[in-house]
$ cat entry-v5.pdb   # PDB, C-alpha atoms, pLDDT in the B column
ATOM      1  CA  PHE A   7     -44.021 -22.768  16.449  1.00 45.00           C
ATOM      2  CA  ALA A   8     -43.470 -21.910  12.808  1.00 47.00           C
ATOM      3  CA  LYS A   9     -46.205 -24.346  11.714  1.00 48.00           C
ATOM      4  CA  GLU A  10     -48.600 -22.613  14.072  1.00 54.00           C
ATOM      5  CA  LEU A  11     -47.690 -19.270  12.514  1.00 50.00           C
ATOM      6  CA  VAL A  12     -48.297 -20.620   9.022  1.00 47.00           C
ATOM      7  CA  ARG A  13     -51.853 -21.598   9.971  1.00 53.00           C
ATOM      8  CA  ARG A  14     -52.622 -17.963  10.811  1.00 56.00           C
ATOM      9  CA  ILE A  15     -52.109 -16.674   7.278  1.00 52.00           C
ATOM     10  CA  PRO A  16     -54.208 -17.387   4.188  1.00 52.00           C
ATOM     11  CA  ILE A  17     -52.047 -19.538   1.929  1.00 50.00           C
ATOM     12  CA  THR A  18     -52.422 -21.735  -1.116  1.00 54.00           C
ATOM     13  CA  ASN A  19     -50.638 -24.956  -1.954  1.00 52.00           C
ATOM     14  CA  ALA A  20     -48.365 -23.025  -4.297  1.00 57.00           C
ATOM     15  CA  THR A  21     -47.217 -20.589  -1.614  1.00 73.00           C
ATOM     16  CA  GLU A  22     -47.209 -22.745   1.505  1.00 83.00           C
ATOM     17  CA  GLU A  23     -43.576 -23.819   1.258  1.00 86.00           C
ATOM     18  CA  PHE A  24     -42.366 -20.277   0.593  1.00 88.00           C
ATOM     19  CA  ASN A  25     -44.428 -18.813   3.440  1.00 89.00           C
ATOM     20  CA  PHE A  26     -43.238 -21.519   5.807  1.00 89.00           C
ATOM     21  CA  ALA A  27     -39.580 -20.857   4.915  1.00 91.00           C
ATOM     22  CA  THR A  28     -40.063 -17.110   5.333  1.00 94.00           C
ATOM     23  CA  LEU A  29     -41.586 -17.504   8.774  1.00 93.00           C
ATOM     24  CA  LEU A  30     -38.878 -19.939   9.838  1.00 94.00           C
ATOM     25  CA  LEU A  31     -36.198 -17.480   8.747  1.00 96.00           C
ATOM     26  CA  TRP A  32     -37.963 -14.563  10.452  1.00 95.00           C
ATOM     27  CA  GLN A  33     -38.150 -16.532  13.698  1.00 95.00           C
ATOM     28  CA  TYR A  34     -34.499 -17.573  13.390  1.00 96.00           C
ATOM     29  CA  VAL A  35     -33.396 -13.964  12.988  1.00 97.00           C
ATOM     30  CA  LYS A  36     -35.488 -13.022  16.013  1.00 96.00           C
ATOM     31  CA  ASN A  37     -33.773 -15.772  18.009  1.00 96.00           C
ATOM     32  CA  GLN A  38     -30.381 -14.256  17.116  1.00 96.00           C
ATOM     33  CA  GLY A  39     -31.235 -11.310  19.371  1.00 96.00           C
ATOM     34  CA  LEU A  40     -32.501  -9.091  16.547  1.00 97.00           C
ATOM     35  CA  GLU A  41     -36.144  -8.753  17.546  1.00 95.00           C
ATOM     36  CA  LYS A  42     -35.803  -5.009  18.184  1.00 95.00           C
ATOM     37  CA  GLU A  43     -34.417  -4.401  14.691  1.00 96.00           C
ATOM     38  CA  LEU A  44     -37.109  -6.569  13.103  1.00 95.00           C
ATOM     39  CA  THR A  45     -39.828  -4.443  14.659  1.00 93.00           C
ATOM     40  CA  GLN A  46     -38.330  -1.379  12.935  1.00 94.00           C
ATOM     41  CA  LEU A  47     -38.391  -2.963   9.484  1.00 95.00           C
ATOM     42  CA  ASN A  48     -41.212  -3.488   7.031  1.00 93.00           C
ATOM     43  CA  GLU A  49     -40.875  -4.770   3.460  1.00 96.00           C
ATOM     44  CA  PRO A  50     -42.034  -2.011   1.072  1.00 94.00           C
ATOM     45  CA  ALA A  51     -44.838  -3.050  -1.263  1.00 93.00           C
ATOM     46  CA  GLU A  52     -43.162  -1.399  -4.262  1.00 92.00           C
ATOM     47  CA  GLY A  53     -42.274  -3.860  -6.977  1.00 89.00           C
ATOM     48  CA  SER A  54     -44.601  -6.587  -5.621  1.00 89.00           C
ATOM     49  CA  PRO A  55     -41.865  -8.275  -3.558  1.00 91.00           C
ATOM     50  CA  PRO A  56     -42.027 -11.958  -2.537  1.00 89.00           C
ATOM     51  CA  ALA A  57     -43.283 -11.142   0.952  1.00 91.00           C
ATOM     52  CA  ILE A  58     -46.099 -12.206   3.243  1.00 90.00           C
ATOM     53  CA  ASN A  59     -48.482 -10.239   5.406  1.00 90.00           C
ATOM     54  CA  PHE A  60     -47.843 -11.156   9.022  1.00 87.00           C
ATOM     55  CA  LYS A  61     -49.452  -9.383  11.953  1.00 85.00           C
ATOM     56  CA  GLY A  62     -50.412  -6.408   9.805  1.00 87.00           C
ATOM     57  CA  ARG A  63     -47.103  -5.810   8.029  1.00 88.00           C
ATOM     58  CA  LEU A  64     -45.092  -7.244   5.161  1.00 94.00           C
ATOM     59  CA  ILE A  65     -42.146  -9.451   6.078  1.00 95.00           C
ATOM     60  CA  SER A  66     -39.678 -11.009   3.672  1.00 96.00           C
ATOM     61  CA  GLN A  67     -36.617 -13.217   3.376  1.00 96.00           C
ATOM     62  CA  ASP A  68     -34.727 -10.236   1.915  1.00 96.00           C
ATOM     63  CA  ILE A  69     -35.246  -8.196   5.072  1.00 97.00           C
ATOM     64  CA  ALA A  70     -34.229 -11.163   7.244  1.00 97.00           C
ATOM     65  CA  ASN A  71     -31.086 -11.953   5.254  1.00 97.00           C
ATOM     66  CA  SER A  72     -30.083  -8.289   5.101  1.00 98.00           C
ATOM     67  CA  LEU A  73     -30.370  -8.085   8.868  1.00 98.00           C
ATOM     68  CA  LEU A  74     -28.199 -11.187   9.341  1.00 98.00           C
ATOM     69  CA  GLU A  75     -25.535  -9.590   7.128  1.00 98.00           C
ATOM     70  CA  PHE A  76     -25.779  -6.329   9.044  1.00 98.00           C
ATOM     71  CA  ASP A  77     -25.536  -8.246  12.321  1.00 98.00           C
ATOM     72  CA  VAL A  78     -22.087  -9.616  11.413  1.00 98.00           C
ATOM     73  CA  ILE A  79     -20.771  -6.088  10.918  1.00 98.00           C
ATOM     74  CA  ASN A  80     -22.585  -4.696  13.928  1.00 98.00           C
ATOM     75  CA  ASN A  81     -21.126  -7.361  16.246  1.00 97.00           C
ATOM     76  CA  ASN A  82     -17.556  -7.293  14.944  1.00 98.00           C
ATOM     77  CA  ALA A  83     -16.858  -3.685  13.951  1.00 98.00           C
ATOM     78  CA  ARG A  84     -16.972  -0.377  15.758  1.00 97.00           C
ATOM     79  CA  MET A  85     -20.234   1.017  14.451  1.00 97.00           C
ATOM     80  CA  ASP A  86     -19.429   4.462  15.814  1.00 96.00           C
ATOM     81  CA  LEU A  87     -16.660   4.633  13.205  1.00 96.00           C
ATOM     82  CA  ILE A  88     -18.979   3.849  10.280  1.00 98.00           C
ATOM     83  CA  THR A  89     -20.816   6.794   8.770  1.00 97.00           C
ATOM     84  CA  THR A  90     -20.137   6.278   5.050  1.00 98.00           C
ATOM     85  CA  VAL A  91     -20.955   2.953   3.369  1.00 98.00           C
ATOM     86  CA  LEU A  92     -20.233   1.932  -0.225  1.00 98.00           C
ATOM     87  CA  GLU A  93     -21.806  -1.183  -1.726  1.00 98.00           C
ATOM     88  CA  ILE A  94     -20.609  -2.876  -4.905  1.00 98.00           C
ATOM     89  CA  GLY A  95     -23.447  -4.579  -6.766  1.00 97.00           C
ATOM     90  CA  ALA A  96     -26.465  -3.624  -4.683  1.00 97.00           C
ATOM     91  CA  GLY A  97     -29.232  -5.213  -6.750  1.00 95.00           C
ATOM     92  CA  TYR A  98     -32.470  -3.348  -6.143  1.00 96.00           C
ATOM     93  CA  GLY A  99     -31.085  -1.846  -2.911  1.00 97.00           C
ATOM     94  CA  ARG A 100     -32.152  -4.189  -0.113  1.00 97.00           C
ATOM     95  CA  SER A 101     -29.045  -3.630   2.038  1.00 98.00           C
ATOM     96  CA  ALA A 102     -29.157   0.132   1.623  1.00 98.00           C
ATOM     97  CA  TYR A 103     -32.838   0.093   2.593  1.00 98.00           C
ATOM     98  CA  LEU A 104     -31.977  -1.684   5.848  1.00 98.00           C
ATOM     99  CA  TRP A 105     -28.996   0.533   6.784  1.00 98.00           C
ATOM    100  CA  LEU A 106     -30.945   3.714   6.109  1.00 98.00           C
ATOM    101  CA  SER A 107     -34.124   2.474   7.810  1.00 97.00           C
ATOM    102  CA  LEU A 108     -32.116   1.715  10.956  1.00 97.00           C
ATOM    103  CA  ASN A 109     -30.294   5.069  10.674  1.00 96.00           C
ATOM    104  CA  LYS A 110     -26.906   3.343  10.681  1.00 97.00           C
ATOM    105  CA  ALA A 111     -25.296   5.305   7.838  1.00 97.00           C
ATOM    106  CA  ASN A 112     -25.131   9.019   7.072  1.00 97.00           C
ATOM    107  CA  LYS A 113     -24.144   8.394   3.457  1.00 98.00           C
ATOM    108  CA  TYR A 114     -24.743   5.269   1.371  1.00 98.00           C
ATOM    109  CA  ILE A 115     -23.031   4.911  -2.012  1.00 98.00           C
ATOM    110  CA  ILE A 116     -24.162   2.330  -4.551  1.00 98.00           C
ATOM    111  CA  VAL A 117     -21.849   1.211  -7.351  1.00 98.00           C
ATOM    112  CA  ASP A 118     -23.457  -0.870 -10.073  1.00 97.00           C
ATOM    113  CA  ILE A 119     -24.107  -1.277 -13.787  1.00 96.00           C
ATOM    114  CA  PRO A 120     -27.302  -0.814 -15.837  1.00 94.00           C
ATOM    115  CA  PRO A 121     -30.074  -1.690 -15.428  1.00 95.00           C
ATOM    116  CA  ALA A 122     -29.513  -2.495 -11.744  1.00 96.00           C
ATOM    117  CA  LEU A 123     -28.207   0.988 -10.944  1.00 98.00           C
ATOM    118  CA  TYR A 124     -31.379   2.604 -12.286  1.00 97.00           C
ATOM    119  CA  ILE A 125     -33.580   0.138 -10.405  1.00 97.00           C
ATOM    120  CA  SER A 126     -31.896   0.771  -7.050  1.00 98.00           C
ATOM    121  CA  GLN A 127     -31.868   4.522  -7.679  1.00 98.00           C
ATOM    122  CA  ARG A 128     -35.599   4.609  -8.381  1.00 97.00           C
ATOM    123  CA  TYR A 129     -36.472   2.201  -5.553  1.00 97.00           C
ATOM    124  CA  LEU A 130     -34.485   3.963  -2.828  1.00 98.00           C
ATOM    125  CA  ASN A 131     -35.516   7.422  -4.016  1.00 97.00           C
ATOM    126  CA  ASN A 132     -39.142   6.367  -3.557  1.00 97.00           C
ATOM    127  CA  GLN A 133     -38.503   4.810  -0.129  1.00 97.00           C
ATOM    128  CA  PHE A 134     -36.596   7.817   1.225  1.00 97.00           C
ATOM    129  CA  PRO A 135     -38.126  10.914  -0.391  1.00 96.00           C
ATOM    130  CA  GLY A 136     -36.584  13.145   2.269  1.00 95.00           C
ATOM    131  CA  LYS A 137     -33.011  12.073   1.508  1.00 97.00           C
ATOM    132  CA  LYS A 138     -30.676  14.101  -0.679  1.00 98.00           C
ATOM    133  CA  ILE A 139     -30.016  11.984  -3.753  1.00 98.00           C
ATOM    134  CA  PHE A 140     -26.980  12.178  -5.996  1.00 98.00           C
ATOM    135  CA  LYS A 141     -28.405  10.542  -9.112  1.00 97.00           C
ATOM    136  CA  TYR A 142     -26.151   8.938 -11.654  1.00 97.00           C
ATOM    137  CA  ARG A 143     -24.693  11.306 -14.214  1.00 96.00           C
ATOM    138  CA  ASP A 144     -21.563  11.485 -16.317  1.00 96.00           C
ATOM    139  CA  PHE A 145     -18.685  13.557 -14.959  1.00 97.00           C
ATOM    140  CA  LYS A 146     -15.004  13.834 -15.821  1.00 96.00           C
ATOM    141  CA  SER A 147     -13.554  14.729 -12.410  1.00 97.00           C
ATOM    142  CA  PHE A 148     -14.587  14.620  -8.769  1.00 98.00           C
ATOM    143  CA  GLU A 149     -14.259  18.390  -8.528  1.00 97.00           C
ATOM    144  CA  GLU A 150     -17.213  18.787 -10.915  1.00 97.00           C
ATOM    145  CA  VAL A 151     -19.587  17.124  -8.469  1.00 98.00           C
ATOM    146  CA  GLU A 152     -17.793  17.459  -5.132  1.00 98.00           C
ATOM    147  CA  ASP A 153     -20.251  19.849  -3.443  1.00 98.00           C
ATOM    148  CA  GLU A 154     -23.329  17.842  -4.383  1.00 97.00           C
ATOM    149  CA  TYR A 155     -21.618  14.545  -3.565  1.00 98.00           C
ATOM    150  CA  ARG A 156     -20.635  15.663  -0.067  1.00 97.00           C
ATOM    151  CA  GLN A 157     -24.163  16.903   0.699  1.00 98.00           C
ATOM    152  CA  ALA A 158     -25.886  13.745  -0.574  1.00 98.00           C
ATOM    153  CA  ASP A 159     -27.282  10.986   1.633  1.00 98.00           C
ATOM    154  CA  LEU A 160     -27.562   8.520  -1.250  1.00 98.00           C
ATOM    155  CA  VAL A 161     -25.111   8.362  -4.160  1.00 98.00           C
ATOM    156  CA  PHE A 162     -25.352   6.288  -7.347  1.00 98.00           C
ATOM    157  CA  LEU A 163     -22.214   5.662  -9.421  1.00 98.00           C
ATOM    158  CA  MET A 164     -20.956   3.527 -12.285  1.00 97.00           C
ATOM    159  CA  PRO A 165     -17.928   1.302 -11.499  1.00 96.00           C
ATOM    160  CA  TRP A 166     -15.367   3.469 -13.328  1.00 95.00           C
ATOM    161  CA  GLN A 167     -16.441   6.569 -11.402  1.00 97.00           C
ATOM    162  CA  ILE A 168     -15.306   5.316  -7.996  1.00 96.00           C
ATOM    163  CA  GLU A 169     -11.683   5.790  -9.065  1.00 95.00           C
ATOM    164  CA  MET A 170     -12.316   9.525  -8.800  1.00 97.00           C
ATOM    165  CA  LEU A 171     -13.460   9.434  -5.167  1.00 98.00           C
ATOM    166  CA  PRO A 172     -11.023  10.712  -2.531  1.00 97.00           C
ATOM    167  CA  GLN A 173      -8.650   8.136  -1.081  1.00 97.00           C
ATOM    168  CA  LYS A 174      -9.556   6.628   2.292  1.00 97.00           C
ATOM    169  CA  SER A 175     -12.927   8.389   2.310  1.00 98.00           C
ATOM    170  CA  ILE A 176     -15.177   5.329   2.859  1.00 98.00           C
ATOM    171  CA  ASP A 177     -15.640   3.732   6.284  1.00 98.00           C
ATOM    172  CA  LEU A 178     -17.175   0.439   5.103  1.00 98.00           C
ATOM    173  CA  ILE A 179     -17.234  -1.206   1.699  1.00 98.00           C
ATOM    174  CA  CYS A 180     -19.441  -4.249   1.244  1.00 98.00           C
ATOM    175  CA  THR A 181     -20.302  -6.605  -1.582  1.00 98.00           C
ATOM    176  CA  ILE A 182     -22.952  -9.308  -1.406  1.00 98.00           C
ATOM    177  CA  ASP A 183     -23.292 -12.091  -3.965  1.00 95.00           C
ATOM    178  CA  SER A 184     -21.596  -9.991  -6.615  1.00 94.00           C
ATOM    179  CA  LEU A 185     -17.826 -10.407  -7.050  1.00 94.00           C
ATOM    180  CA  SER A 186     -17.945 -14.128  -7.826  1.00 92.00           C
ATOM    181  CA  GLU A 187     -19.741 -13.404 -11.107  1.00 89.00           C
ATOM    182  CA  MET A 188     -16.885 -11.217 -12.401  1.00 92.00           C
ATOM    183  CA  ARG A 189     -13.730 -12.034 -14.342  1.00 92.00           C
ATOM    184  CA  PHE A 190     -10.651 -12.534 -12.161  1.00 93.00           C
ATOM    185  CA  SER A 191      -9.021  -9.387 -13.548  1.00 93.00           C
ATOM    186  CA  VAL A 192     -12.099  -7.370 -12.562  1.00 94.00           C
ATOM    187  CA  ILE A 193     -12.074  -8.887  -9.069  1.00 95.00           C
ATOM    188  CA  GLU A 194      -8.420  -7.883  -8.675  1.00 96.00           C
ATOM    189  CA  TYR A 195      -9.279  -4.371  -9.890  1.00 95.00           C
ATOM    190  CA  TYR A 196     -11.999  -4.014  -7.276  1.00 97.00           C
ATOM    191  CA  PHE A 197      -9.728  -5.114  -4.435  1.00 97.00           C
ATOM    192  CA  LYS A 198      -7.148  -2.525  -5.468  1.00 96.00           C
ATOM    193  CA  ILE A 199      -9.849   0.164  -5.490  1.00 97.00           C
ATOM    194  CA  ILE A 200     -11.229  -1.039  -2.142  1.00 97.00           C
ATOM    195  CA  ASN A 201      -7.776  -0.856  -0.591  1.00 97.00           C
ATOM    196  CA  LYS A 202      -7.400   2.682  -1.931  1.00 97.00           C
ATOM    197  CA  LEU A 203     -10.815   4.019  -0.880  1.00 98.00           C
ATOM    198  CA  CYS A 204     -11.657   2.177   2.323  1.00 98.00           C
ATOM    199  CA  LYS A 205     -10.246   3.237   5.674  1.00 97.00           C
ATOM    200  CA  LYS A 206     -12.042   0.984   8.161  1.00 98.00           C
ATOM    201  CA  TYR A 207     -13.852  -2.237   7.142  1.00 98.00           C
ATOM    202  CA  PHE A 208     -14.639  -4.525   4.199  1.00 98.00           C
ATOM    203  CA  TYR A 209     -17.454  -7.111   4.203  1.00 98.00           C
ATOM    204  CA  ILE A 210     -17.921  -9.790   1.543  1.00 98.00           C
ATOM    205  CA  LYS A 211     -20.567 -12.475   1.152  1.00 98.00           C
ATOM    206  CA  CYS A 212     -20.341 -14.876  -1.815  1.00 97.00           C
ATOM    207  CA  ASN A 213     -20.891 -18.464  -2.873  1.00 96.00           C
ATOM    208  CA  LYS A 214     -18.273 -20.845  -1.503  1.00 96.00           C
ATOM    209  CA  LYS A 215     -17.628 -21.836  -5.108  1.00 95.00           C
ATOM    210  CA  TRP A 216     -18.937 -20.353  -8.318  1.00 93.00           C
ATOM    211  CA  ASP A 217     -18.285 -21.110 -11.981  1.00 93.00           C
ATOM    212  CA  ASN A 218     -17.931 -17.914 -13.991  1.00 84.00           C
ATOM    213  CA  GLU A 219     -16.834 -17.461 -17.596  1.00 83.00           C
ATOM    214  CA  GLU A 220     -13.154 -17.888 -16.676  1.00 85.00           C
ATOM    215  CA  GLY A 221     -13.448 -20.892 -14.394  1.00 89.00           C
ATOM    216  CA  ARG A 222     -14.293 -21.677 -10.791  1.00 93.00           C
ATOM    217  CA  ILE A 223     -13.668 -19.237  -7.963  1.00 94.00           C
ATOM    218  CA  ARG A 224     -13.676 -20.568  -4.415  1.00 95.00           C
ATOM    219  CA  TRP A 225     -13.931 -19.196  -0.908  1.00 96.00           C
ATOM    220  CA  GLY A 226     -10.181 -18.702  -0.437  1.00 94.00           C
ATOM    221  CA  ASP A 227      -9.376 -17.400  -3.932  1.00 95.00           C
ATOM    222  CA  TYR A 228     -10.130 -13.715  -3.389  1.00 96.00           C
ATOM    223  CA  PRO A 229      -7.002 -11.485  -3.461  1.00 96.00           C
ATOM    224  CA  ILE A 230      -7.148 -10.083   0.061  1.00 96.00           C
ATOM    225  CA  PRO A 231      -4.407  -7.433   0.384  1.00 95.00           C
ATOM    226  CA  THR A 232      -1.587  -7.997   2.829  1.00 93.00           C
ATOM    227  CA  GLY A 233      -2.181  -6.074   6.019  1.00 94.00           C
ATOM    228  CA  TRP A 234      -5.926  -6.533   6.256  1.00 97.00           C
ATOM    229  CA  GLU A 235      -6.939  -8.040   9.607  1.00 98.00           C
ATOM    230  CA  CYS A 236      -9.536 -10.819   9.344  1.00 98.00           C
ATOM    231  CA  LEU A 237     -12.226 -10.283  11.985  1.00 98.00           C
ATOM    232  CA  ILE A 238     -14.541 -13.068  10.843  1.00 98.00           C
ATOM    233  CA  ASP A 239     -14.416 -15.660   8.061  1.00 98.00           C
ATOM    234  CA  ARG A 240     -17.096 -18.322   8.186  1.00 97.00           C
ATOM    235  CA  GLU A 241     -19.947 -20.186   6.552  1.00 97.00           C
ATOM    236  CA  CYS A 242     -23.139 -18.132   6.576  1.00 97.00           C
ATOM    237  CA  ARG A 243     -25.597 -19.012   9.291  1.00 95.00           C
ATOM    238  CA  VAL A 244     -28.590 -19.762   7.045  1.00 94.00           C
ATOM    239  CA  GLN A 245     -27.378 -19.762   3.455  1.00 94.00           C
ATOM    240  CA  THR A 246     -24.775 -22.470   3.991  1.00 95.00           C
ATOM    241  CA  ASP A 247     -23.664 -22.455   0.340  1.00 96.00           C
ATOM    242  CA  TYR A 248     -22.241 -18.993   1.091  1.00 97.00           C
ATOM    243  CA  PHE A 249     -19.360 -17.671   3.162  1.00 98.00           C
ATOM    244  CA  GLU A 250     -19.023 -14.232   4.752  1.00 98.00           C
ATOM    245  CA  SER A 251     -15.894 -12.370   5.804  1.00 98.00           C
ATOM    246  CA  LEU A 252     -15.223  -9.090   7.544  1.00 98.00           C
ATOM    247  CA  TYR A 253     -11.820  -7.379   7.437  1.00 98.00           C
ATOM    248  CA  LYS A 254     -10.365  -4.424   9.269  1.00 98.00           C
ATOM    249  CA  ILE A 255      -8.293  -2.275   6.948  1.00 96.00           C
ATOM    250  CA  SER A 256      -5.243  -0.593   8.416  1.00 82.00           C
TER     251      SER A 256
END
$ encode --input "entry-v5.pdb" --output "structure tokens"
Amino acid sequence: FAKELVRRIPITNATEEFNFATLLLWQYVKNQGLEKELTQLNEPAEGSPPAINFKGRLISQDIANSLLEFDVINNNARMDLITTVLEIGAGYGRSAYLWLSLNKANKYIIVDIPPALYISQRYLNNQFPGKKIFKYRDFKSFEEVEDEYRQADLVFLMPWQIEMLPQKSIDLICTIDSLSEMRFSVIEYYFKIINKLCKKYFYIKCNKKWDNEEGRIRWGDYPIPTGWECLIDRECRVQTDYFESLYKIS
């Protein structure tokens, strides 16, 4: 079936393998029962993404992978309890784009460092011009920005600023392909902050093993706090070099 789809699109020898893999992944996601969600999603043309034009719209591996990640949370958590999402290390904002496009979050908070924070801020601001945006700025206390923060749909923060957020004010914290690149002390710091801020769920997706500047970190090395209930902990369905875990936080 996928080969038949590939024949329908103009391709060159240089792009054939990529297009074929994209269509295979798109079909796989559809076969996971996510066809309805796929029809609601279209890869934005901004930034000239690695996407292909299929049946009059852009499709991409980023959209497909983001939907698979979302599907794990959607199938194993109570979505009616999730209104505020915080993502650590969001890249250009692919996960936020999906959650907001599907109207699954009232507030989405991105925590990152330059230049990624600026890129995601610009990208998502352009994709959702009607959203209230809390752009990154320096502030010394939460009280300085509390009114604007609470009214915002999209919030952009540096890592040290999340310490100022109210305790147990985030329903879901997620991190995708991010923590493994950090020093072990920084990873431990983030888990302490997550335990302080998050009141419902935590989702992580990382390489099964990754060599950072301090050594190798493996699947089971992350300092999960005592008391978190593991809802799912498995090898990723497509990216088999990765694992994904979802925890319920008491």
$ resolve_selection --input "entry-v5.pdb" --expression "the PyMOL selection byres ((chain A and resi 45) around 12)" --output "count of residues only"
24
$ resolve_selection --input "entry-v5.pdb" --expression "the PyMOL selection byres ((chain A and resi 250) around 9)" --output "ChimeraX atom specification"
/A:75,78,182,209-213,238-242,248-249,251-252
$ resolve_selection --input "entry-v5.pdb" --expression "the PyMOL selection byres ((chain A and resi 125-134) around 9)" --output "MDAnalysis selection string"
chainID A and resid 50 52:53 96:100 102:103 106:107 116 120:124 135:139 141:142 160:162
$ closest_residue --input "entry-v5.pdb" --among "A:Asp144, A:Asp227, A:Glu149, A:Glu23" --to "Leu185 (chain A)" --atoms "only C-alpha atoms"
A:Asp227
$ closest_residue --input "entry-v5.pdb" --among "A:Met170, A:Ile199, A:Ile176, A:Cys236" --to "Ala111 (chain A)" --atoms "all atoms listed in the file"
A:Ile176
$ closest_residue --input "entry-v5.pdb" --among "A:Cys204, A:Val151, A:Val117, A:Ile94" --to "Ser186 (chain A)" --atoms "all atoms listed in the file"
A:Ile94
$ atom_distance --input "entry-v5.pdb" --atom1 "CA of Glu169 (chain A)" --atom2 "CA of Asp183 (chain A)"
21.9 Å
$ decode --input "entry-v5.pdb" --residues "region 155-191 of chain A" --atoms "C-alpha atoms" --output "compact mmCIF listing (two decimals), in the first residue's frame"
# COMPACT_ATOMS: atom_id res chain seq x y z
CA TYR A 155 0.74 34.50 33.23
CA ARG A 156 -2.69 33.31 34.35
CA GLN A 157 -4.39 34.88 31.31
CA ALA A 158 -1.91 33.45 28.79
CA ASP A 159 -2.55 30.45 26.55
CA LEU A 160 1.13 30.04 25.68
CA VAL A 161 3.98 30.76 28.10
CA PHE A 162 7.72 30.81 27.39
CA LEU A 163 10.19 30.53 30.29
CA MET A 164 13.86 29.95 30.98
CA PRO A 165 14.69 26.91 33.18
CA TRP A 166 15.45 28.92 36.34
CA GLN A 167 12.10 30.72 36.15
CA ILE A 168 9.97 27.62 36.72
CA GLU A 169 11.08 27.57 40.37
CA MET A 170 8.87 30.63 40.85
CA LEU A 171 5.69 28.97 39.58
CA PRO A 172 3.08 27.97 42.17
CA GLN A 173 3.44 24.48 43.62
CA LYS A 174 1.22 21.75 42.16
CA SER A 175 -0.09 24.09 39.46
CA ILE A 176 0.73 21.94 36.39
CA ASP A 177 -1.43 18.99 35.33
CA LEU A 178 1.07 17.36 32.95
CA ILE A 179 4.80 17.82 32.55
CA CYS A 180 6.47 16.20 29.57
CA THR A 181 9.98 16.00 28.17
CA ILE A 182 10.89 14.44 24.83
CA ASP A 183 14.44 13.62 23.80
CA SER A 184 15.84 16.24 26.15
CA LEU A 185 16.87 15.10 29.64
CA SER A 186 19.41 12.53 28.47
CA GLU A 187 21.62 15.31 27.10
CA MET A 188 21.95 16.97 30.53
CA ARG A 189 24.40 16.46 33.38
CA PHE A 190 23.16 14.08 36.08
CA SER A 191 22.94 16.91 38.62
